Amino acid sequence: MLLTITTTLSPATDLGFLLHKHPDRVQSFDQAFGTAHVFYPDAGADRCTVALLLDVDPVKLVRTRSKGTPDFSLGQYVNDRPYAASSLLASAMANVFRTAMRGRCDLRPELAGTALPLEITLPALPCRGGPQRAERYFAPLGWQVTATRVPLDPEFEAWGDSRYVSLTLTGELTLSDALNQLYVLLPVLDDAKHYWIAPDEVDKLIRAGEGWLAAHPDRADITRRYLANRRGLVRTALGRLADADDAPEDALDRDPIEEEPPAVDPTAAEPGTAPEAESAAAAPPVPLAERRIQAVLETLHAQQAPRVIDLGCGSGKLVARLKQDAYFQRIAGVDVSDRALQGARRRGQPDDSFEGARRRGRPDDASPDRPSRVEVFQGALTYSDERFRGYDAAVLMEVIEHIDPPRLPAVERVVFGDAKPRVVVVTTPNSEYNVRYEGLAPGAMRHPDHRFEWTRAEFRRWAERVAAEHGYQVRYVPVGDDDPEVGAPTQLGVFTR
């Protein structure tokens with residue numbers, strides 16, 4: 001089982017720094033099912049190739065056998081697992097390239113976030129759905145995909161093709177993104193795993209899919225295959241993807257495992273049923289991410305705050321919604337991540353152009369000299385910044401739980417002590433509600449980047465202390481279905497001074 005990764009970055013041997021594997025050495029790593037070997041068949045200044053060769057031990061593999069492995073006497077030991085890329089290779093990658101997958105490179109930190117020219121080859125990949133499915137999954141991620149069916153036997157064309165493809169991917173991505181995409185999509189294309197699917201697989205999927213899976217057009221199908229059609233786990237994963245910054249808001253509109261409903265006229269009500277009730281019953285549930293945005297917008301209107309700064313704006317979902325509302329006169333989005341800001345700028349800027357104003361038919365705005373209502377810029381919430389001042393309201397929507405607790409006091413000083421807007425709106429998960437998420441492991445948090453998740457009492461203690469120290473009053477608003485035992489999934493605090 002072989003995987004090769006090639007780059008033409010100059011100097012190309014910097015690939016060794018990113019992978020934490022020296023180009024002049026052959027290294028071997030024991031796995032539960034065999035041995036993984038890492039070596040460099042080509043290591044020059046202009047071109048460097050690393051190879052991951054997985055030598056699977058059939059006896060060890062039987063000991064880690066899942067229900068998808070053939071259980072008849074010979075099939076347990078003679079199968080395609082030692083030769084075809086699968087979840088075995090994904091697991092070996094996670095063990096051998098763990099630091100690279102996390103995007104860490106202490107010796108060359110600037111490289112970790114740099115998009116590199118990459119070529120990835122997999123000579124034998126089981127692909128249920130053929131080359132078209134490989135293209136469908138990888139192309140939206142920015143890869144140029146070359147997938148060729150492998151014949152059953154080149155000398156006997158009449159036998160046709162096998163279910164394997166030879167796959168080559170070329171593109172410019174960060175190495176961590178490339179490895180994480182392979183980690184998820186190899187078992188998805190194979191549609192099988194060598195181990196039992198436990199609830200912690202949701203955490204693995206969310207962690208590896210961060211930054212790309214939520215926006216993938218086939219995210220539901222990928223999630224379903226990765227989690228082996230486990231209905232509860234799939235629902236949980238899709239819910240967490242919908243809750244992520246970059247997630248499309250329709251990610252929870254329909255469970256992809258549900259059977260198709262009967263072919264009936266959806267506008268026809270049953271006898272004795274009021275049309276209004278029928279329509280309400282048929283309406284899809286509103287995703288939590290959308291309900292959260294609506295709650296923030298309603299709060300800003302109620303507090304008469306037309307000038308708003310979104311601190312930790314991510315990819316700009318709230319910025320885009322503020323821009324759509326003519327009530328808001330001045331809008332700013334701030335984030336420390338340059339990659340997130342690229343999305344925020346796309347959402348925040350185009351329609352404030354001269355041409356955009358003319359298309360909307362608003363002559364008052366149709367001036368090339370009119371300043372934009374929306375500003376998006378990079379900034380850190382732990383440092384005072386004069387650009388944060390002068391707004392009626394500041395919003396920290398699902399931000400504070402991503403901050404290390406020792407750094408929270410700095411954020412408090414910057415937002416409440418230095419910027420001092422008249423209104424501060426803070427939303428954060430209610431950890432008590434996590435027991436309602438089927439498939440979320442006990443004690444686990446909703447997102448791998450969360451540093452903490454507070455109970456309602458913990459959030460109130462923090463909010464009341466901050467309000468008292470900086471001259472604010474605070475009230476609380478539940479967001480989402482308010483469970484009588486554990487509360488709502490999101491807690492919202494409105495600070496006013």
# chains A, B, ... in the order shown; residues from 1 in each chain; ligands from 1
>>> residues_around(residues="Pro41 of chain A", least_positions_apart="4", cutoff="8 Å", atoms="only C-alpha atoms", output="VMD selection string")
chain A and resid 49 to 51
>>> write_last_selection(atoms="N, CA and C atoms", output="CSV table (one decimal), in the first residue's frame")
chain,number,residue,atom,x,y,z
A,49,THR,N,10.1,14.1,-3.2
A,49,THR,CA,9.0,13.2,-3.1
A,49,THR,C,9.2,12.4,-1.8
A,50,VAL,N,8.1,12.3,-1.0
A,50,VAL,CA,8.1,11.4,0.2
A,50,VAL,C,7.1,10.3,-0.1
A,51,ALA,N,7.5,9.1,0.4
A,51,ALA,CA,6.6,7.9,0.2
A,51,ALA,C,6.3,7.3,1.5
>>> select_by_dssp(residues="segment 298-339 of chain A", states="strand (DSSP E)", output="list in words")
Arg307, Val308, Ile309, Asp310, Leu311, Arg330, Ile331, Ala332, Gly333, Val334 and Asp335 of chain A
>>> write_last_selection(atoms="N, CA and C atoms", output="mmCIF file, in the first residue's frame")
data_model
loop_
_atom_site.group_PDB
_atom_site.id
_atom_site.type_symbol
_atom_site.label_atom_id
_atom_site.label_comp_id
_atom_site.auth_asym_id
_atom_site.auth_seq_id
_atom_site.Cartn_x
_atom_site.Cartn_y
_atom_site.Cartn_z
ATOM 1 N N ARG A 307 -24.504 50.884 14.609
ATOM 2 C CA ARG A 307 -23.075 50.746 14.285
ATOM 3 C C ARG A 307 -22.541 49.552 15.074
ATOM 4 N N VAL A 308 -22.103 48.504 14.346
ATOM 5 C CA VAL A 308 -21.797 47.216 14.974
ATOM 6 C C VAL A 308 -20.430 46.719 14.526
ATOM 7 N N ILE A 309 -19.656 46.195 15.469
ATOM 8 C CA ILE A 309 -18.402 45.527 15.152
ATOM 9 C C ILE A 309 -18.511 44.072 15.600
ATOM 10 N N ASP A 310 -18.231 43.163 14.683
ATOM 11 C CA ASP A 310 -18.272 41.717 14.964
ATOM 12 C C ASP A 310 -16.851 41.270 15.282
ATOM 13 N N LEU A 311 -16.579 41.027 16.544
ATOM 14 C CA LEU A 311 -15.244 40.646 17.009
ATOM 15 C C LEU A 311 -15.097 39.131 16.946
ATOM 16 N N ARG A 330 -23.041 51.263 9.952
ATOM 17 C CA ARG A 330 -21.596 51.046 9.938
ATOM 18 C C ARG A 330 -21.324 49.657 10.491
ATOM 19 N N ILE A 331 -20.594 48.857 9.737
ATOM 20 C CA ILE A 331 -20.384 47.448 10.088
ATOM 21 C C ILE A 331 -18.902 47.139 9.958
ATOM 22 N N ALA A 332 -18.354 46.428 10.947
ATOM 23 C CA ALA A 332 -16.955 45.995 10.873
ATOM 24 C C ALA A 332 -16.863 44.536 11.282
ATOM 25 N N GLY A 333 -15.957 43.822 10.651
ATOM 26 C CA GLY A 333 -15.654 42.435 11.009
ATOM 27 C C GLY A 333 -14.170 42.306 11.309
ATOM 28 N N VAL A 334 -13.850 41.642 12.411
ATOM 29 C CA VAL A 334 -12.463 41.498 12.852
ATOM 30 C C VAL A 334 -12.187 40.030 13.138
ATOM 31 N N ASP A 335 -11.052 39.526 12.683
ATOM 32 C CA ASP A 335 -10.637 38.179 13.035
ATOM 33 C C ASP A 335 -9.119 38.095 12.948
#
>>> residues_around(residues="segment 127-130 of chain A", least_positions_apart="6", cutoff="8 Å", atoms="only C-alpha atoms", output="list of chain:residue names")
A:Arg149, A:Arg163, A:Tyr164, A:Val165, A:Leu189, A:Asp190, A:Asp191
>>> closest_residue(among="A:Ala463, A:Ala158, A:Met101, A:Val38", to="Leu175 of chain A", atoms="only C-alpha atoms")
A:Met101
>>> residues_around(residues="segment 210-214 of chain A", least_positions_apart="5", cutoff="12 Å", atoms="only C-alpha atoms", output="JSON, numbers by chain")
{"A": [101, 102, 103, 137, 138, 140, 141, 142, 173, 174, 176, 177, 178, 180, 181, 182, 184, 185, 203, 204, 205, 219, 220, 221, 222, 223, 226, 237, 238, 239, 240, 241, 242, 243, 244, 245, 246, 247, 248, 249, 250, 251, 252, 314, 315, 337, 339, 340, 343, 447, 448, 449]}
>>> residues_around(residues="Ser28 of chain A", least_positions_apart="3", cutoff="9 Å", atoms="only C-alpha atoms", output="VMD selection string")
chain A and resid 35 to 39
